[in-house]
$ cat coords-v3.cif   # mmCIF, C-alpha atoms
data_model
#
loop_
_atom_site.label_atom_id
_atom_site.label_comp_id
_atom_site.auth_asym_id
_atom_site.auth_seq_id
_atom_site.Cartn_x
_atom_site.Cartn_y
_atom_site.Cartn_z
CA MET A 291 18.35 -184.48 -151.00
CA GLN A 292 17.99 -181.07 -149.43
CA ASP A 293 14.78 -182.12 -147.71
CA ASN A 294 16.62 -184.47 -145.43
CA LYS A 295 17.32 -183.53 -141.83
CA PHE A 296 20.92 -182.53 -142.44
CA TYR A 297 19.70 -179.47 -144.29
CA GLN A 298 17.24 -178.36 -141.61
CA THR A 299 18.19 -175.32 -139.54
CA ASP A 300 17.26 -177.12 -136.32
CA PHE A 301 19.64 -179.94 -137.16
CA ILE A 302 22.40 -177.53 -138.15
CA GLU A 303 22.00 -175.74 -134.81
CA ALA A 304 22.06 -179.04 -132.93
CA TYR A 305 25.14 -180.08 -134.91
CA LEU A 306 26.89 -176.83 -134.02
CA LYS A 307 25.98 -177.28 -130.38
CA GLY A 308 27.39 -180.79 -130.47
CA ALA A 309 23.98 -182.15 -129.61
CA VAL A 310 23.72 -184.79 -132.35
CA SER A 311 24.63 -188.44 -132.25
CA GLU A 312 28.06 -189.61 -133.32
CA ALA A 313 26.57 -191.25 -136.41
CA ASP A 314 24.74 -188.07 -137.42
CA LYS A 315 27.85 -186.05 -136.82
CA ASN A 316 29.89 -188.27 -139.11
CA SER A 317 27.21 -188.22 -141.81
CA MET A 318 27.00 -184.45 -141.58
CA GLU A 319 30.74 -184.07 -141.94
CA ASN A 320 30.74 -186.26 -145.03
CA ILE A 321 27.96 -184.21 -146.59
CA LEU A 322 29.77 -180.99 -145.75
CA LEU A 323 32.82 -182.19 -147.63
CA ALA A 324 30.75 -182.70 -150.74
CA ASP A 325 28.22 -179.86 -150.51
CA LYS A 326 29.78 -176.42 -150.56
CA SER A 327 26.44 -174.72 -150.26
CA LEU A 328 25.57 -176.56 -147.05
CA LYS A 329 29.04 -175.87 -145.74
CA SER A 330 28.46 -172.18 -146.31
CA GLU A 331 25.10 -172.30 -144.55
CA VAL A 332 26.67 -174.07 -141.57
CA ASP A 333 29.46 -171.49 -141.44
CA PHE A 334 26.88 -168.73 -141.59
CA GLN A 335 24.85 -170.24 -138.74
CA LYS A 336 28.04 -170.71 -136.77
CA ASP A 337 28.95 -167.05 -137.16
CA LEU A 338 25.41 -166.04 -136.34
CA ILE A 339 25.41 -167.96 -133.07
CA HIS A 340 28.87 -166.66 -132.29
CA ALA A 341 27.75 -163.07 -132.88
CA ILE A 342 24.66 -163.52 -130.67
CA ALA A 343 26.88 -164.92 -127.93
CA GLU A 344 29.30 -162.03 -128.28
CA SER A 345 26.49 -159.49 -128.03
CA ARG A 346 25.31 -161.17 -124.83
CA LYS A 347 28.83 -161.13 -123.44
CA GLN A 348 29.07 -157.43 -124.18
CA ASP A 349 25.77 -156.81 -122.40
CA LEU A 350 26.94 -158.74 -119.34
CA LYS A 351 30.28 -156.97 -119.40
CA GLN A 352 28.53 -153.64 -119.49
CA LEU A 353 26.39 -154.70 -116.55
CA LEU A 354 29.49 -155.57 -114.52
CA LYS A 355 31.26 -152.38 -115.52
CA SER A 356 28.30 -150.51 -114.13
CA THR A 357 28.46 -152.36 -110.84
CA PRO A 358 30.10 -150.44 -108.00
CA ILE A 359 33.20 -152.17 -106.69
CA PRO A 360 35.60 -151.59 -103.82
CA THR A 361 39.07 -150.40 -104.73
CA HIS A 362 42.20 -151.68 -103.03
CA THR A 363 41.94 -148.70 -100.70
CA GLY A 364 38.62 -149.98 -99.52
CA MET A 365 36.50 -147.46 -101.37
CA GLN A 366 33.66 -148.22 -103.67
CA ILE A 367 33.96 -146.90 -107.17
CA PRO A 368 31.62 -147.76 -109.99
CA THR A 369 33.46 -148.20 -113.25
CA ASN A 370 30.49 -146.82 -115.06
CA TRP A 371 27.92 -145.52 -112.66
CA ILE A 372 24.29 -146.28 -113.19
CA ILE A 373 21.82 -144.76 -110.86
CA GLY A 374 19.87 -148.00 -110.73
CA GLY A 375 22.80 -149.65 -109.08
CA VAL A 376 23.21 -147.09 -106.38
CA ALA A 377 23.35 -148.63 -102.97
CA ALA A 378 21.16 -146.51 -100.85
CA THR A 379 18.72 -143.72 -101.20
CA LEU A 380 19.68 -141.13 -103.69
CA ILE A 381 19.36 -137.68 -102.27
CA THR A 382 19.44 -134.80 -104.61
CA VAL A 383 20.20 -131.46 -103.13
CA ILE A 384 18.82 -128.84 -105.36
CA GLY A 385 19.83 -125.26 -105.48
CA LEU A 386 22.95 -125.67 -103.45
CA VAL A 387 24.91 -122.92 -105.01
CA SER A 388 23.33 -119.92 -106.55
CA TYR A 389 25.15 -117.68 -108.91
CA MET A 390 22.38 -115.20 -108.64
CA LYS A 391 23.85 -113.74 -105.51
CA THR A 392 26.72 -111.41 -104.89
CA HIS A 393 29.92 -111.89 -102.93
CA LYS A 394 28.18 -111.25 -99.66
CA LYS A 395 27.82 -114.18 -97.34
CA PRO A 396 24.19 -114.23 -96.42
CA GLU A 397 22.51 -117.24 -94.96
CA ILE A 398 22.29 -120.09 -97.43
CA SER A 399 18.62 -120.26 -96.80
CA GLU A 400 18.26 -116.76 -98.27
CA LYS A 401 20.29 -117.24 -101.39
CA GLN A 402 19.44 -120.70 -102.55
CA GLU A 403 17.48 -121.00 -105.68
CA LYS A 404 15.06 -123.85 -105.35
CA ILE A 405 14.62 -125.85 -108.52
CA VAL A 406 12.06 -128.58 -108.64
CA VAL A 407 13.22 -131.23 -111.03
CA ASN A 408 10.36 -133.59 -110.49
CA PRO A 409 7.51 -132.21 -108.43
CA SER A 410 5.94 -135.61 -108.02
CA GLU A 411 8.78 -136.87 -105.95
CA GLU A 412 8.81 -136.64 -102.22
CA LYS A 413 10.30 -133.50 -100.77
CA GLN A 414 11.37 -132.75 -97.32
CA THR A 415 13.46 -130.16 -95.61
CA LEU A 416 16.56 -130.82 -93.66
CA GLU A 417 15.04 -129.55 -90.51
CA ASN A 418 12.94 -132.65 -90.49
CA LYS A 419 15.94 -134.89 -90.62
CA LYS A 420 17.34 -136.17 -87.39
CA GLN A 421 20.86 -135.02 -86.69
CA ASP A 422 23.25 -137.57 -85.36
CA VAL A 423 26.40 -135.61 -85.94
CA ASN A 424 28.08 -133.43 -83.41
CA VAL A 425 26.86 -130.00 -84.48
CA ASN A 426 25.68 -127.00 -82.52
CA PRO A 427 21.98 -126.29 -82.75
CA GLN A 428 22.64 -122.97 -84.49
CA GLN A 429 24.21 -124.80 -87.37
CA GLU A 430 20.84 -125.89 -88.47
CA LYS A 431 20.15 -122.52 -89.97
CA THR A 432 22.80 -122.89 -92.63
CA THR A 433 20.82 -125.52 -94.43
CA GLN A 434 17.42 -125.55 -92.88
CA ASN A 435 15.65 -124.39 -96.00
CA THR A 436 17.63 -126.47 -98.39
CA THR A 437 15.23 -128.46 -100.45
CA ILE A 438 16.14 -132.04 -100.91
CA LYS A 439 14.57 -134.64 -103.05
CA THR A 440 14.51 -138.30 -102.23
CA GLU A 441 14.26 -140.89 -104.93
CA THR A 442 13.50 -144.50 -104.31
CA PRO A 443 16.43 -146.51 -105.56
CA ILE A 444 15.66 -148.88 -108.39
CA LYS A 445 17.79 -151.59 -106.85
CA LYS A 446 18.97 -152.10 -103.32
CA GLU A 447 22.33 -153.45 -102.25
CA GLU A 448 22.56 -156.64 -100.36
CA SER A 449 22.15 -155.83 -96.72
CA THR A 450 25.49 -157.44 -96.02
CA SER A 451 27.30 -155.27 -98.53
CA PRO A 452 30.11 -153.23 -97.02
CA PHE A 453 30.10 -150.84 -99.92
CA VAL A 454 27.27 -148.62 -98.85
CA LYS A 455 29.42 -147.01 -96.18
CA GLU A 456 31.39 -144.85 -98.57
CA ILE A 457 29.91 -141.53 -99.56
CA HIS A 458 29.75 -140.86 -103.27
CA TYR A 459 28.62 -137.63 -104.77
CA LEU A 460 27.97 -135.88 -108.03
CA TYR A 461 28.40 -132.13 -108.15
CA ASP A 462 28.04 -130.03 -111.24
CA GLY A 463 29.78 -127.03 -109.71
CA SER A 464 26.89 -124.76 -110.40
CA GLY A 465 24.13 -125.65 -108.03
CA VAL A 466 23.24 -129.31 -108.07
CA LEU A 467 24.67 -131.81 -105.64
CA GLN A 468 23.71 -135.46 -105.47
CA LEU A 469 24.70 -137.47 -102.44
CA PHE A 470 24.51 -141.23 -102.78
CA GLY A 471 23.30 -142.37 -99.43
CA ASP A 472 21.19 -141.11 -96.62
CA PHE A 473 23.38 -138.72 -94.65
CA ASN A 474 22.98 -135.65 -92.51
CA TYR A 475 25.07 -132.75 -93.77
CA LYS A 476 25.68 -129.02 -93.79
CA ILE A 477 26.59 -127.02 -96.84
CA LEU A 478 29.10 -124.22 -96.51
CA GLU A 479 29.11 -122.00 -99.54
CA LYS A 480 31.63 -119.54 -100.89
CA ILE A 481 34.29 -120.06 -98.30
CA ASP A 482 37.79 -118.83 -98.97
CA LEU A 483 40.47 -120.82 -97.19
CA GLY A 484 43.20 -119.00 -99.02
CA ASN A 485 42.90 -121.04 -102.19
CA GLY A 486 39.91 -119.35 -103.72
CA VAL A 487 36.23 -119.26 -102.97
CA LYS A 488 34.89 -122.80 -102.78
CA THR A 489 31.99 -124.80 -101.46
CA TYR A 490 32.35 -127.28 -98.64
CA ILE A 491 30.19 -129.85 -96.96
CA PHE A 492 30.16 -130.90 -93.31
CA ILE A 493 29.20 -134.52 -92.98
CA GLN A 494 29.83 -137.17 -90.33
CA ASN A 495 31.97 -134.74 -88.32
CA ASN A 496 34.33 -134.03 -91.21
CA PHE A 497 34.65 -131.23 -93.74
CA TYR A 498 35.05 -131.95 -97.43
CA GLU A 499 35.53 -129.72 -100.42
CA LEU A 500 32.87 -130.15 -103.10
CA VAL A 501 34.78 -130.50 -106.33
CA PRO A 502 32.82 -130.59 -109.58
CA THR A 503 32.69 -134.23 -110.58
CA GLY A 504 31.57 -134.29 -114.18
CA GLU A 505 29.46 -137.33 -114.95
CA GLU A 506 31.38 -139.80 -112.81
CA PRO A 507 30.59 -139.85 -109.09
CA LYS A 508 33.49 -139.21 -106.76
CA ILE A 509 34.16 -140.35 -103.26
CA LEU A 510 33.84 -137.57 -100.73
CA LYS A 511 36.74 -138.92 -98.70
CA GLU A 512 39.13 -137.86 -101.45
CA THR A 513 38.53 -134.20 -100.73
CA GLN A 514 38.50 -134.31 -96.95
CA ILE A 515 39.87 -131.20 -95.28
CA LYS A 516 42.68 -132.19 -92.96
CA ASN A 517 44.49 -128.90 -92.39
CA PRO A 518 43.71 -127.92 -88.75
CA GLU A 519 43.59 -124.22 -89.58
CA HIS A 520 41.13 -124.84 -92.42
CA ILE A 521 39.03 -127.01 -90.16
CA ARG A 522 38.98 -124.21 -87.58
CA ILE A 523 37.81 -121.66 -90.18
CA LEU A 524 35.13 -123.98 -91.46
CA SER A 525 34.01 -124.82 -87.94
CA GLU A 526 33.52 -121.10 -87.38
CA GLN A 527 31.20 -121.06 -90.36
CA LEU A 528 29.02 -123.65 -88.77
CA LYS A 529 28.24 -121.37 -85.84
CA MET B 165 23.92 -165.52 -100.18
CA LYS B 166 24.93 -169.16 -100.22
CA ASP B 167 26.64 -170.77 -103.19
CA GLN B 168 23.66 -172.95 -104.02
CA GLU B 169 21.33 -169.99 -104.06
CA ILE B 170 23.71 -168.07 -106.31
CA LEU B 171 23.86 -170.99 -108.75
CA GLU B 172 20.10 -171.29 -108.81
CA ARG B 173 19.69 -167.60 -109.47
CA ILE B 174 22.25 -167.65 -112.27
CA ARG B 175 20.59 -170.69 -113.83
CA LYS B 176 17.35 -168.75 -113.93
CA GLY B 177 19.08 -165.83 -115.63
CA ASP B 178 19.18 -163.55 -112.58
CA GLU B 179 21.94 -161.09 -113.43
CA THR B 180 21.97 -159.54 -109.95
CA ALA B 181 23.60 -162.76 -108.72
CA LEU B 182 26.48 -162.04 -111.08
CA GLN B 183 26.76 -158.51 -109.75
CA TYR B 184 26.76 -159.88 -106.22
CA LEU B 185 29.71 -162.15 -107.04
CA TYR B 186 31.53 -159.28 -108.69
CA LYS B 187 31.32 -157.16 -105.57
CA GLN B 188 31.89 -160.04 -103.19
CA HIS B 189 35.12 -161.32 -104.73
CA TYR B 190 36.53 -158.26 -106.42
CA ARG B 191 39.23 -157.61 -103.83
CA MET B 192 40.54 -161.17 -104.05
CA MET B 193 40.86 -161.01 -107.84
CA LEU B 194 42.36 -157.55 -107.66
CA ARG B 195 45.11 -158.83 -105.38
CA LEU B 196 45.74 -161.75 -107.71
CA VAL B 197 46.26 -159.53 -110.75
CA LEU B 198 48.14 -156.76 -108.95
CA LYS B 199 50.59 -159.26 -107.49
CA ASN B 200 51.18 -160.66 -110.96
CA SER B 201 52.22 -157.58 -112.93
CA GLY B 202 48.72 -156.32 -113.65
CA THR B 203 46.90 -153.06 -113.11
CA GLU B 204 43.60 -152.40 -111.42
CA GLU B 205 41.98 -151.81 -114.79
CA GLU B 206 43.26 -155.14 -116.06
CA ALA B 207 42.01 -156.80 -112.90
CA GLN B 208 38.53 -155.45 -113.49
CA ASP B 209 38.59 -156.57 -117.10
CA ILE B 210 39.84 -160.06 -116.31
CA PHE B 211 37.44 -160.56 -113.43
CA GLN B 212 34.52 -159.41 -115.56
CA ASP B 213 35.53 -161.91 -118.24
CA SER B 214 35.93 -164.60 -115.59
CA LEU B 215 32.44 -164.01 -114.31
CA ILE B 216 30.99 -164.15 -117.82
CA LEU B 217 32.78 -167.44 -118.35
CA PHE B 218 31.45 -168.67 -115.01
CA TRP B 219 27.94 -167.61 -116.04
CA GLN B 220 28.34 -169.60 -119.26
CA LYS B 221 29.62 -172.67 -117.46
CA VAL B 222 26.81 -172.65 -114.92
CA HIS B 223 24.33 -172.79 -117.78
CA LEU B 224 25.89 -175.89 -119.27
CA PRO B 225 23.60 -178.90 -118.69
CA ASP B 226 26.34 -181.02 -117.17
CA PHE B 227 27.85 -178.35 -114.96
CA GLN B 228 28.60 -179.42 -111.41
CA LEU B 229 30.33 -177.26 -108.87
CA THR B 230 32.88 -179.33 -107.01
CA SER B 231 34.36 -176.51 -104.95
CA LYS B 232 33.28 -173.23 -103.45
CA ILE B 233 32.30 -170.60 -106.00
CA SER B 234 35.12 -168.37 -104.79
CA THR B 235 37.69 -171.11 -105.43
CA PHE B 236 36.25 -171.83 -108.84
CA LEU B 237 36.22 -168.15 -109.77
CA TYR B 238 39.77 -167.75 -108.55
CA SER B 239 40.96 -170.56 -110.80
CA ILE B 240 39.16 -169.10 -113.83
CA CYS B 241 40.58 -165.68 -113.12
CA TYR B 242 44.05 -167.10 -112.54
CA ASN B 243 43.99 -168.98 -115.85
CA LEU B 244 42.63 -166.05 -117.82
CA TRP B 245 45.23 -163.74 -116.38
CA ARG B 246 48.00 -166.24 -117.09
CA LYS B 247 46.82 -166.49 -120.71
CA GLU B 248 46.69 -162.71 -120.91
CA LEU B 249 50.26 -162.46 -119.68
CA GLU B 250 51.35 -165.06 -122.21
CA LYS B 251 49.56 -163.14 -124.92
CA LYS B 252 51.29 -159.95 -123.88
CA SER B 253 54.59 -161.74 -123.92
CA ARG B 254 53.97 -163.10 -127.41
CA LEU B 255 52.93 -159.70 -128.70
CA SER B 256 56.06 -158.19 -127.32
CA ARG B 257 58.00 -160.71 -129.40
CA GLU B 258 56.83 -159.04 -132.60
CA GLU B 259 54.00 -161.41 -133.31
CA LYS B 260 51.49 -158.64 -133.14
CA ASP B 261 50.82 -158.43 -136.88
CA GLU B 262 50.06 -162.09 -137.15
CA ALA B 263 47.55 -161.93 -134.33
CA VAL B 264 45.76 -158.93 -135.76
CA THR B 265 45.36 -160.29 -139.26
CA GLU B 266 44.14 -163.68 -138.08
CA ASP B 267 40.77 -164.54 -139.60
CA TRP B 268 40.05 -160.98 -140.55
CA ASP B 269 37.31 -161.93 -143.01
CA ARG B 270 35.39 -163.79 -140.36
CA GLN B 271 35.70 -160.89 -137.95
CA GLU B 272 34.27 -158.62 -140.60
CA ARG B 273 31.37 -160.99 -141.23
CA ILE B 274 30.62 -161.13 -137.53
CA GLN B 275 30.63 -157.35 -137.37
CA ILE B 276 28.04 -157.28 -140.12
CA ILE B 277 25.91 -159.81 -138.25
CA ASN B 278 26.31 -157.79 -135.08
CA ALA B 279 24.93 -154.75 -136.80
CA CYS B 280 21.87 -156.77 -137.77
CA ILE B 281 21.46 -158.14 -134.22
CA ASN B 282 21.34 -154.57 -133.01
CA LYS B 283 18.59 -153.84 -135.49
CA LEU B 284 16.38 -156.42 -133.81
CA GLY B 285 13.97 -155.34 -131.13
CA VAL B 286 15.06 -155.70 -127.52
CA THR B 287 12.75 -158.68 -126.95
CA CYS B 288 14.07 -160.60 -129.94
CA LYS B 289 17.66 -159.83 -129.05
CA LYS B 290 17.15 -161.03 -125.48
CA ILE B 291 15.36 -164.22 -126.52
CA LEU B 292 18.14 -165.15 -128.93
CA GLN B 293 20.81 -164.32 -126.38
CA TYR B 294 19.11 -166.38 -123.69
CA TYR B 295 18.73 -169.30 -126.07
CA TYR B 296 22.10 -169.33 -127.80
CA PHE B 297 24.40 -167.97 -125.10
CA ASP B 298 22.76 -168.60 -121.75
CA GLU B 299 21.24 -171.82 -123.05
CA LEU B 300 18.13 -171.22 -120.99
CA SER B 301 15.28 -173.64 -121.51
CA MET B 302 12.15 -172.36 -123.21
CA HIS B 303 10.45 -172.57 -119.83
CA ASP B 304 13.07 -170.32 -118.23
CA ILE B 305 13.03 -167.92 -121.18
CA ALA B 306 9.26 -167.67 -120.77
CA GLN B 307 9.71 -166.88 -117.09
CA VAL B 308 12.43 -164.29 -117.55
CA MET B 309 10.63 -162.60 -120.42
CA GLY B 310 7.20 -162.82 -118.83
CA PHE B 311 5.64 -165.02 -121.52
CA SER B 312 2.69 -167.17 -120.67
CA ASN B 313 4.43 -170.49 -121.34
CA ALA B 314 7.33 -172.30 -123.01
CA ASP B 315 5.43 -172.70 -126.29
CA THR B 316 5.10 -168.94 -126.60
CA ALA B 317 8.82 -168.59 -125.99
CA LYS B 318 9.55 -171.23 -128.61
CA THR B 319 7.37 -169.55 -131.22
CA LYS B 320 8.91 -166.18 -130.51
CA LYS B 321 12.41 -167.60 -130.67
CA TYR B 322 11.66 -169.14 -134.05
CA LYS B 323 10.28 -165.88 -135.40
CA CYS B 324 13.16 -163.83 -134.03
CA LYS B 325 15.75 -166.15 -135.53
CA LYS B 326 13.96 -166.03 -138.85
CA GLU B 327 13.83 -162.26 -138.68
CA LEU B 328 17.55 -162.10 -138.01
CA ASP B 329 18.35 -164.54 -140.83
CA GLU B 330 16.29 -162.51 -143.23
CA LEU B 331 17.69 -159.23 -142.03
CA ILE B 332 21.21 -160.41 -142.70
CA LYS B 333 20.49 -162.08 -145.99
CA LYS B 334 18.45 -159.12 -147.15
CA HIS B 335 21.24 -156.68 -146.57
CA TYR B 336 24.08 -158.80 -147.72
CA LYS B 337 24.14 -161.17 -150.62
CA ALA B 338 24.57 -164.78 -149.70
CA THR B 339 27.80 -164.85 -151.67
CA ASP B 340 29.30 -162.42 -149.17
CA PHE B 341 29.08 -165.20 -146.66
CA LEU B 342 29.47 -168.16 -148.91
CA ASP B 343 32.85 -167.30 -150.37
#

$ encode --input "coords-v3.cif" --output "C-alpha cells"
Amino acid sequence: MQDNKFYQTDFIEAYLKGAVSEADKNSMENILLADKSLKSEVDFQKDLIHAIAESRKQDLKQLLKSTPIPTHTGMQIPTNWIIGGVAATLITVIGLVSYMKTHKKPEISEKQEKIVVNPSEEKQTLENKKQDVNVNPQQEKTTQNTTIKTETPIKKEESTSPFVKEIHYLYDGSGVLQLFGDFNYKILEKIDLGNGVKTYIFIQNNFYELVPTGEEPKILKETQIKNPEHIRILSEQLK
Amino acid sequence: MKDQEILERIRKGDETALQYLYKQHYRMMLRLVLKNSGTEEEAQDIFQDSLILFWQKVHLPDFQLTSKISTFLYSICYNLWRKELEKKSRLSREEKDEAVTEDWDRQERIQIINACINKLGVTCKKILQYYYFDELSMHDIAQVMGFSNADTAKTKKYKCKKELDELIKKHYKATDFLD
C-alpha cells in the first residue's frame, strides 16, 4: 500500500502545491482520513515548506530593510545600512581627529594621525581632488594632507536614482569619518562656537557639525550650521 | 527600468529589482499609510511585506500583470494596511489572547524546523528557498546558483531536502510532529 504514489514525497509535495489532478486530490484526501501516519507526514511536509517559505521571506525582508529609502522629508535613510548598498563611492577619511595633540590649534595637516586600514586600497590626497566649491585657495591647507581612502562600491545605484544626492556619514567621534558619496570637503577641528569644542565639516558651501553617529549613518543636513555668527566664525577658520 | 524588465528580472530571481521597486515607490506607500493612521515605521513594514507578496505573485506560473506595477503594488499595500488596521482594531477589543494562543503548537513546530533550516549550508538553504518559495524552475535555480545545468540543480535540491528531513527527524522524534 505504502509503495503507491500517494506515499511518495514528490506526490505529497505536488499535492500540497495543488499541482495534482482533481481525481488524485480526492483519492489522497480519502487516504488521509484513514491513514493517520500519512496525515502526519503530510502535515510535517506542509510545515517544512511553510518554514522554508518563511525563512525566505525573512531574508527578503532583511534585504529591503537594508535598502536606503527616502523619508517624507526627501532624505535617504537606510533602515539598516549595508555598505554594499551604498549609492556612490565610499570615501573613508582616516585620522580626522587626533587625540594625541593638545589644545593648540595647529594645522590639521600637522596633527592628523594617519591610519592605514587597508594598504591595498587606492589612496589619494585631497590636493589632487578638484574643488568645485566656493573656497579660498588658502583653505586647501586645512586638509591637504588628509589621507583618504576610496573603496569601490559593491553595488551601484540606478543612475536615475534621486537618492544619491543626500550626504550620509558615519563618524566615530574619535578620528574616523566615512562620507558616503564623492564630495569635496574641508575639516575644521576643535572649534568652539560657545557650546564646547567640536569638529565641523565644510561641504558644498555649507558648514555641518560632525556628531558621532554610532553604527547607523546620519544625514549631514541634520547638523547644518545655520546661525550666521557661527557661520562667520567657521568661515574665519577656513582662511 | 520598465515594468516588463522588472518582471523579467524578478522572475529570474534578481533581488536588486525588488530593491529598485522599494526605492522607486516608497514615497507613495508612505503617504498612503501616513494618511491612514499609520507611522513611517509601519509604512516601511507594510511596504516591505507588499513587495514580498508581489515577488511571490510574480513567480506564480499563471501570473499576469494587468496594470502598471505601481498600481498593483499600491493595491497590495492598501489591502495589507487595511487588514493591519482591522487587526489592530480587533486586538483593541480584547481579542488579543485568542490571537496569540492560536495554533501555538504548530508555531512551535515551525520554530524547530526553522532552527534546522538554519543549520543547513547556505547553498542548500538557498536552493530550497528558490524551489519552495520563489518557485523557480530548476533551470533558473541552476542559473542563479551557478550550476552547470538543471539536472545538477535537481540533484542538489533532492539532497538538500533529504538532509533537512533527516536533520529534523534526527533531532526530534517523529511523534513530536505526529501527535

$ resolve_selection --input "coords-v3.cif" --expression "the PyMOL selection byres ((chain A) within 8 of (chain B))" --output "VMD selection string"
chain A and resid 327 330 to 331 334 337 to 343 345 to 347 350 to 351 353 to 355 357 to 362 448

$ atom_distance --input "coords-v3.cif" --atom1 "atom CA of Thr316 of chain B" --atom2 "atom CA of Ser311 of chain A"
28.2 Å

$ resolve_selection --input "coords-v3.cif" --expression "the PyMOL selection byres ((chain A and resi 479) around 7)" --output "ChimeraX atom specification"
/A:387,477-478,480-481,488-490

$ atom_distance --input "coords-v3.cif" --atom1 "atom CA of Ile210 of chain B" --atom2 "atom CA of Ser231 of chain B"
20.7 Å

$ resolve_selection --input "coords-v3.cif" --expression "the PyMOL selection byres ((chain B and resi 315) around 12)" --output "number ranges by chain"
B: 301-307, 311-314, 316-322

$ atom_distance --input "coords-v3.cif" --atom1 "atom CA of Glu206 of chain B" --atom2 "atom CA of Gln514 of chain A"
28.7 Å

$ build_atoms --input "coords-v3.cif" --residues "segment 475-492 of chain A" --atoms "N, CA and C atoms" --output "CSV table (one decimal), keeping the file's coordinate frame"
chain,number,residue,atom,x,y,z
A,475,TYR,N,24.0,-133.6,-93.3
A,475,TYR,CA,25.1,-132.8,-93.8
A,475,TYR,C,24.8,-131.3,-93.6
A,476,LYS,N,25.8,-130.5,-93.8
A,476,LYS,CA,25.7,-129.0,-93.8
A,476,LYS,C,26.5,-128.5,-95.0
A,477,ILE,N,25.9,-127.6,-95.7
A,477,ILE,CA,26.6,-127.0,-96.8
A,477,ILE,C,27.2,-125.7,-96.4
A,478,LEU,N,28.4,-125.5,-96.8
A,478,LEU,CA,29.1,-124.2,-96.5
A,478,LEU,C,29.5,-123.6,-97.8
A,479,GLU,N,28.9,-122.6,-98.2
A,479,GLU,CA,29.1,-122.0,-99.5
A,479,GLU,C,30.1,-120.9,-99.5
A,480,LYS,N,30.8,-120.7,-100.6
A,480,LYS,CA,31.6,-119.5,-100.9
A,480,LYS,C,32.6,-119.2,-99.7
A,481,ILE,N,33.3,-120.2,-99.4
A,481,ILE,CA,34.3,-120.1,-98.3
A,481,ILE,C,35.7,-120.0,-98.9
A,482,ASP,N,36.4,-119.0,-98.5
A,482,ASP,CA,37.8,-118.8,-99.0
A,482,ASP,C,38.8,-119.3,-97.9
A,483,LEU,N,39.5,-120.3,-98.1
A,483,LEU,CA,40.5,-120.8,-97.2
A,483,LEU,C,41.9,-120.4,-97.6
A,484,GLY,N,41.9,-119.4,-98.5
A,484,GLY,CA,43.2,-119.0,-99.0
A,484,GLY,C,43.5,-119.6,-100.4
A,485,ASN,N,42.7,-120.4,-100.9
A,485,ASN,CA,42.9,-121.0,-102.2
A,485,ASN,C,41.7,-120.8,-103.1
A,486,GLY,N,41.1,-119.7,-102.9
A,486,GLY,CA,39.9,-119.4,-103.7
A,486,GLY,C,38.6,-119.7,-103.0
A,487,VAL,N,37.6,-119.1,-103.6
A,487,VAL,CA,36.2,-119.3,-103.0
A,487,VAL,C,35.7,-120.6,-103.4
A,488,LYS,N,35.4,-121.4,-102.4
A,488,LYS,CA,34.9,-122.8,-102.8
A,488,LYS,C,33.7,-123.2,-101.9
A,489,THR,N,33.1,-124.3,-102.2
A,489,THR,CA,32.0,-124.8,-101.5
A,489,THR,C,32.4,-126.1,-100.7
A,490,TYR,N,32.0,-126.1,-99.5
A,490,TYR,CA,32.4,-127.3,-98.6
A,490,TYR,C,31.1,-127.9,-98.1
A,491,ILE,N,31.3,-129.1,-97.6
A,491,ILE,CA,30.2,-129.8,-97.0
A,491,ILE,C,30.7,-130.4,-95.6
A,492,PHE,N,29.8,-130.3,-94.6
A,492,PHE,CA,30.2,-130.9,-93.3
A,492,PHE,C,29.3,-132.1,-93.2
